[in-house]
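Text of the file data_4.pdb, holding PDB, C-alpha atoms:
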ATOM      1  CA  MET A   5       5.760  -9.081  -6.903
ATOM      2  CA  ILE A   6       3.276  -7.706  -4.401
ATOM      3  CA  LEU A   7       3.104  -4.016  -3.494
ATOM      4  CA  LEU A   8       1.220  -2.959  -0.391
ATOM      5  CA  ALA A   9      -0.337   0.512  -0.277
ATOM      6  CA  ARG A  10      -2.094   2.061   2.673
ATOM      7  CA  HIS A  11      -5.214   4.110   1.976
ATOM      8  CA  GLY A  12      -5.231   7.917   2.079
ATOM      9  CA  ARG A  13      -5.871   9.883   5.249
ATOM     10  CA  THR A  14      -9.268  10.019   6.913
ATOM     11  CA  ALA A  15     -10.621  12.372   9.563
ATOM     12  CA  TYR A  16     -10.247   9.454  12.001
ATOM     13  CA  ASN A  17      -6.527   9.223  11.221
ATOM     14  CA  ASP A  18      -6.194  12.937  11.852
ATOM     15  CA  GLU A  19      -8.160  12.738  15.130
ATOM     16  CA  GLY A  20      -6.390   9.666  16.555
ATOM     17  CA  ARG A  21      -9.529   7.525  16.449
ATOM     18  CA  PHE A  22      -9.979   3.773  15.880
ATOM     19  CA  GLN A  23     -11.503   3.102  12.440
ATOM     20  CA  GLY A  24     -11.615  -0.671  12.528
ATOM     21  CA  ARG A  25     -13.975  -1.843   9.824
ATOM     22  CA  GLY A  26     -16.119   1.271   9.940
ATOM     23  CA  PRO A  27     -17.236   3.053   6.757
ATOM     24  CA  VAL A  28     -14.822   5.945   7.183
ATOM     25  CA  PRO A  29     -14.208   7.962   3.983
ATOM     26  CA  LEU A  30     -11.066   9.774   2.924
ATOM     27  CA  ASP A  31     -10.855  13.427   3.850
ATOM     28  CA  ALA A  32      -9.758  16.104   1.348
ATOM     29  CA  HIS A  33      -6.116  15.635   2.327
ATOM     30  CA  GLY A  34      -6.453  11.865   1.902
ATOM     31  CA  ARG A  35      -7.921  12.267  -1.578
ATOM     32  CA  GLY A  36      -4.883  14.364  -2.490
ATOM     33  CA  GLU A  37      -2.580  11.705  -1.062
ATOM     34  CA  ALA A  38      -4.386   9.027  -3.073
ATOM     35  CA  ALA A  39      -3.987  11.097  -6.253
ATOM     36  CA  ALA A  40      -0.238  11.401  -5.586
ATOM     37  CA  LEU A  41      -0.055   7.632  -4.995
ATOM     38  CA  ALA A  42      -1.932   7.074  -8.264
ATOM     39  CA  ASP A  43       0.739   9.122 -10.052
ATOM     40  CA  VAL A  44       3.465   6.958  -8.508
ATOM     41  CA  ILE A  45       1.705   3.745  -9.545
ATOM     42  CA  ALA A  46       1.117   5.056 -13.074
ATOM     43  CA  ALA A  47       4.755   6.147 -13.403
ATOM     44  CA  ARG A  48       5.988   2.692 -12.395
ATOM     45  CA  GLY A  49       4.333   1.190 -15.440
ATOM     46  CA  ASP A  50       4.658  -2.364 -14.117
ATOM     47  CA  VAL A  51       1.563  -2.777 -11.938
ATOM     48  CA  THR A  52      -0.784  -5.139 -13.767
ATOM     49  CA  ARG A  53      -3.431  -5.846 -11.129
ATOM     50  CA  MET A  54      -4.994  -4.050  -8.168
ATOM     51  CA  ILE A  55      -6.835  -5.727  -5.296
ATOM     52  CA  ALA A  56      -8.439  -3.657  -2.549
ATOM     53  CA  SER A  57      -9.928  -4.063   0.878
ATOM     54  CA  PRO A  58     -13.702  -3.513   0.736
ATOM     55  CA  LEU A  59     -13.575  -0.779   3.384
ATOM     56  CA  THR A  60     -14.616   2.683   2.203
ATOM     57  CA  ARG A  61     -11.229   4.354   2.665
ATOM     58  CA  ALA A  62      -9.391   1.643   0.721
ATOM     59  CA  MET A  63     -12.011   1.531  -2.034
ATOM     60  CA  GLU A  64     -11.850   5.321  -2.448
ATOM     61  CA  THR A  65      -8.067   5.141  -2.704
ATOM     62  CA  ALA A  66      -8.326   2.301  -5.240
ATOM     63  CA  ALA A  67     -10.898   4.252  -7.272
ATOM     64  CA  ILE A  68      -8.536   7.230  -7.494
ATOM     65  CA  ILE A  69      -5.725   4.926  -8.621
ATOM     66  CA  ALA A  70      -8.083   3.269 -11.117
ATOM     67  CA  ALA A  71      -9.064   6.632 -12.603
ATOM     68  CA  ARG A  72      -5.392   7.431 -13.203
ATOM     69  CA  THR A  73      -4.203   4.002 -14.380
ATOM     70  CA  GLY A  74      -7.243   2.363 -15.962
ATOM     71  CA  MET A  75      -6.906  -0.696 -13.709
ATOM     72  CA  ALA A  76     -10.220  -1.771 -12.235
ATOM     73  CA  PRO A  77      -9.782  -2.812  -8.604
ATOM     74  CA  GLU A  78     -10.778  -6.287  -7.540
ATOM     75  CA  VAL A  79     -12.125  -6.573  -3.990
ATOM     76  CA  ASP A  80     -10.902  -9.055  -1.390
ATOM     77  CA  PRO A  81     -12.593  -8.851   2.028
ATOM     78  CA  ARG A  82      -9.642 -10.670   3.595
ATOM     79  CA  LEU A  83      -7.614  -7.448   3.178
ATOM     80  CA  ALA A  84      -9.861  -5.522   5.589
ATOM     81  CA  GLU A  85      -8.324  -3.759   8.557
ATOM     82  CA  THR A  86      -8.321  -5.159  12.072
ATOM     83  CA  ASP A  87     -11.779  -5.528  13.569
ATOM     84  CA  THR A  88     -11.412  -3.230  16.571
ATOM     85  CA  GLY A  89     -14.741  -4.248  18.081
ATOM     86  CA  LEU A  90     -15.891  -1.949  20.876
ATOM     87  CA  TRP A  91     -12.941   0.383  20.278
ATOM     88  CA  THR A  92     -14.251   1.364  16.843
ATOM     89  CA  ASP A  93     -15.038   5.095  16.615
ATOM     90  CA  ARG A  94     -13.317   5.812  19.964
ATOM     91  CA  THR A  95     -10.248   8.024  20.330
ATOM     92  CA  TYR A  96      -6.940   6.558  21.400
ATOM     93  CA  ALA A  97      -7.012   8.795  24.479
ATOM     94  CA  ASP A  98     -10.455   7.498  25.471
ATOM     95  CA  VAL A  99      -9.356   3.861  25.105
ATOM     96  CA  ILE A 100      -6.255   4.502  27.215
ATOM     97  CA  ALA A 101      -8.356   6.240  29.890
ATOM     98  CA  THR A 102     -10.937   3.445  30.117
ATOM     99  CA  ASP A 103      -9.097   0.259  29.104
ATOM    100  CA  GLY A 104      -5.572   1.178  30.103
ATOM    101  CA  GLN A 105      -2.217   1.955  28.553
ATOM    102  CA  ASP A 106      -1.214  -1.735  28.568
ATOM    103  CA  ALA A 107      -4.155  -2.724  26.350
ATOM    104  CA  TYR A 108      -3.476   0.156  23.980
ATOM    105  CA  ASP A 109       0.230  -0.729  23.843
ATOM    106  CA  ALA A 110      -0.588  -4.403  23.109
ATOM    107  CA  PHE A 111      -2.688  -3.192  20.198
ATOM    108  CA  ARG A 112       0.081  -0.944  18.903
ATOM    109  CA  ARG A 113       2.602  -3.810  19.136
ATOM    110  CA  LEU A 114       0.219  -6.131  17.260
ATOM    111  CA  GLU A 115       0.599  -8.812  19.903
ATOM    112  CA  PRO A 116      -0.748 -11.975  18.233
ATOM    113  CA  ALA A 117      -3.099 -12.991  21.065
ATOM    114  CA  PHE A 118      -4.445  -9.475  21.581
ATOM    115  CA  GLY A 119      -7.789  -8.304  20.299
ATOM    116  CA  ALA A 120      -9.755  -5.229  21.243
ATOM    117  CA  PRO A 121     -12.912  -6.112  23.210
ATOM    118  CA  GLY A 122     -15.352  -7.641  20.747
ATOM    119  CA  GLY A 123     -12.777  -7.546  17.951
ATOM    120  CA  GLU A 124     -10.401 -10.010  16.347
ATOM    121  CA  THR A 125      -6.943 -11.032  17.507
ATOM    122  CA  PHE A 126      -3.944 -10.210  15.380
ATOM    123  CA  ALA A 127      -3.283 -13.946  15.004
ATOM    124  CA  ASP A 128      -6.768 -14.323  13.500
ATOM    125  CA  GLN A 129      -6.214 -11.331  11.239
ATOM    126  CA  LEU A 130      -2.906 -12.705   9.966
ATOM    127  CA  ALA A 131      -4.581 -16.083   9.353
ATOM    128  CA  ARG A 132      -7.045 -14.411   6.961
ATOM    129  CA  LEU A 133      -4.390 -12.212   5.311
ATOM    130  CA  LEU A 134      -1.963 -14.972   4.361
ATOM    131  CA  PRO A 135      -4.370 -16.801   2.005
ATOM    132  CA  ALA A 136      -5.206 -13.468   0.331
ATOM    133  CA  VAL A 137      -1.528 -12.877  -0.393
ATOM    134  CA  ALA A 138      -1.044 -16.481  -1.529
ATOM    135  CA  ASP A 139      -3.985 -16.180  -3.926
ATOM    136  CA  ALA A 140      -2.663 -12.887  -5.320
ATOM    137  CA  ARG A 141       0.774 -14.425  -5.876
ATOM    138  CA  ALA A 142      -0.669 -17.558  -7.478
ATOM    139  CA  ALA A 143      -2.448 -15.448 -10.098
ATOM    140  CA  GLU A 144       0.694 -13.517 -11.088
ATOM    141  CA  GLY A 145       2.638 -14.237 -14.222
ATOM    142  CA  ASP A 146       6.354 -13.638 -14.675
ATOM    143  CA  GLY A 147       7.146  -9.995 -14.093
ATOM    144  CA  ASP A 148       3.633  -9.112 -12.919
ATOM    145  CA  VAL A 149       3.210  -6.671 -10.075
ATOM    146  CA  THR A 150       0.036  -6.731  -7.983
ATOM    147  CA  LEU A 151      -0.968  -3.758  -5.846
ATOM    148  CA  LEU A 152      -2.897  -4.481  -2.649
ATOM    149  CA  VAL A 153      -4.689  -1.359  -1.411
ATOM    150  CA  CYS A 154      -5.181  -1.965   2.271
ATOM    151  CA  HIS A 155      -4.496  -0.692   5.794
ATOM    152  CA  GLY A 156      -1.722   0.072   8.246
ATOM    153  CA  ASN A 157      -2.069  -2.995  10.453
ATOM    154  CA  VAL A 158      -2.396  -5.217   7.379
ATOM    155  CA  ILE A 159       0.918  -3.925   6.080
ATOM    156  CA  ARG A 160       2.613  -4.199   9.463
ATOM    157  CA  LEU A 161       1.413  -7.776  10.013
ATOM    158  CA  LEU A 162       2.484  -8.883   6.531
ATOM    159  CA  LEU A 163       5.902  -7.254   6.782
ATOM    160  CA  GLY A 164       6.395  -8.934  10.150
ATOM    161  CA  HIS A 165       5.446 -12.315   8.740
ATOM    162  CA  PHE A 166       7.349 -12.160   5.444
ATOM    163  CA  HIS A 167      10.322  -9.951   6.348
ATOM    164  CA  GLY A 168      10.667 -10.559  10.077
ATOM    165  CA  THR A 169      10.427  -6.857  10.850
ATOM    166  CA  ARG A 170       7.359  -5.042  12.049
ATOM    167  CA  PRO A 171       7.435  -1.295  11.535
ATOM    168  CA  THR A 172       5.871   0.929  14.141
ATOM    169  CA  HIS A 173       2.373   2.276  13.667
ATOM    170  CA  GLU A 174       3.837   5.689  12.846
ATOM    171  CA  ALA A 175       6.181   4.265  10.182
ATOM    172  CA  ILE A 176       3.267   3.271   7.913
ATOM    173  CA  ALA A 177       1.902   6.661   6.932
ATOM    174  CA  ASN A 178      -1.174   7.070   4.774
ATOM    175  CA  THR A 179      -0.463   6.028   1.165
ATOM    176  CA  HIS A 180       2.770   4.328   2.299
ATOM    177  CA  LEU A 181       3.939   1.961  -0.445
ATOM    178  CA  GLU A 182       5.916  -1.159   0.459
ATOM    179  CA  ALA A 183       7.166  -4.175  -1.500
ATOM    180  CA  LEU A 184       6.320  -7.536  -0.014
TER
END

Target format structure tokens, applied to this file:
Amino acid sequence: MILLARHGRTAYNDEGRFQGRGPVPLDAHGRGEAAALADVIAARGDVTRMIASPLTRAMETAAIIAARTGMAPEVDPRLAETDTGLWTDRTYADVIATDGQDAYDAFRRLEPAFGAPGGETFADQLARLLPAVADARAAEGDGDVTLLVCHGNVIRLLLGHFHGTRPTHEAIANTHLEAL
């Protein structure tokens, strides 16, 4: 089984700012969230492997889980968040003011053909995510549970693909845990 976990909160999350693939660390609140997630993972007792996005916020979350569980995180760059190109570091309000509500809404809906200027499309992102999930599943034994420490759009895209439902951006809170 695959479990998907979103990283802890960052200042960018709190400010409504695009993080993309930037090196954005967890804030104090996010470190607390990651510690609480680590307790949940440890209490489950069935997670045998952890794979993380290489982005700072995911790696920090994975390190906190590792400290609690003893599982060393593996890194898979295919689990990185959406490349938001020229929107990276900008606030949502600024993007809406300059690029329009329609573009922002297309991003929020994860429209497959949409990509922020200079970024990747969601179709391209899903195309890199699916082999990562397939590889994680192929390495599992009977009864194994693999935790993927990743990002909100990653989780939303994978749930849409595998379960046919795509939760809203707001539904995938920091440290949200979801079975795939």

- Counting only C-alpha atoms, the residue of A:Ile55, A:Ala183, A:Leu161, A:Leu130 that sits nearest Glu78 in chain A: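 Of A:Ile55, A:Ala183, A:Leu161, A:Leu130, the one nearest Glu78 in chain A, counting only C-alpha atoms, is A:Ile55.
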
- Message: Please determine, counting all atoms listed in the file, which residue among A:Thr150, A:Asn17, A:Thr65, A:Thr102 has the shortest atom-to-atom distance to Glu37 in chain A.
- Response: A:Thr65

- Message: One decimal, in Å: what's the spacing between CA of His165 in chain A and CA of Ala140 in chain A?
- Response: 16.2 Å

- Evaluate the PyMOL selection byres ((chain A and resi 26-31) around 7) and report residues as a PyMOL selection string: chain A and resi 12-15+23-25+32-35+59-61

- Query: Of the residues A:Ala127, A:Val137, A:Asp109, A:Phe22, which is the one nearest to Gly89 in chain A, using only C-alpha atoms?
  - Reply: A:Phe22

- Task: Excluding Leu41 in chain A and residues on its chain fewer than 3 positions from it, collect all residues at most 10 Å away from it, counting only C-alpha atoms, and give them as a list in words.
- Result: Ala9, Arg10, His11, Gly12, Arg35, Gly36, Glu37, Ala38, Val44, Ile45, Ala46, Ala47, Thr65, Ala66, Ile68, Ile69, Arg72, Asn178, Thr179, His180 and Leu181 of chain A

- Message: I'd like to see the residues matched by the PyMOL selection byres ((chain A and resi 157) around 9) on this file, and ideally I'd get them as a PyMOL selection string.
- Response: chain A and resi 85-86+112+114+126+154-156+158-162+173+176

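When the PyMOL selection byres ((chain A and resi 51) around 6) is evaluated against the file, it yields Gly49, Asp50, Thr52, Arg53, Val149 and Thr150 of chain A.
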
- Note on the structure: In Å and to one decimal, CA of Gly20 in chain A is distant from CA of Glu174 in chain A by 11.6 Å

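Candidate residues A:Glu19, A:Glu115, A:Asp43, A:Asp87 were compared for distance to Arg170 in chain A, and the nearest is A:Glu115, using all atoms listed in the file.
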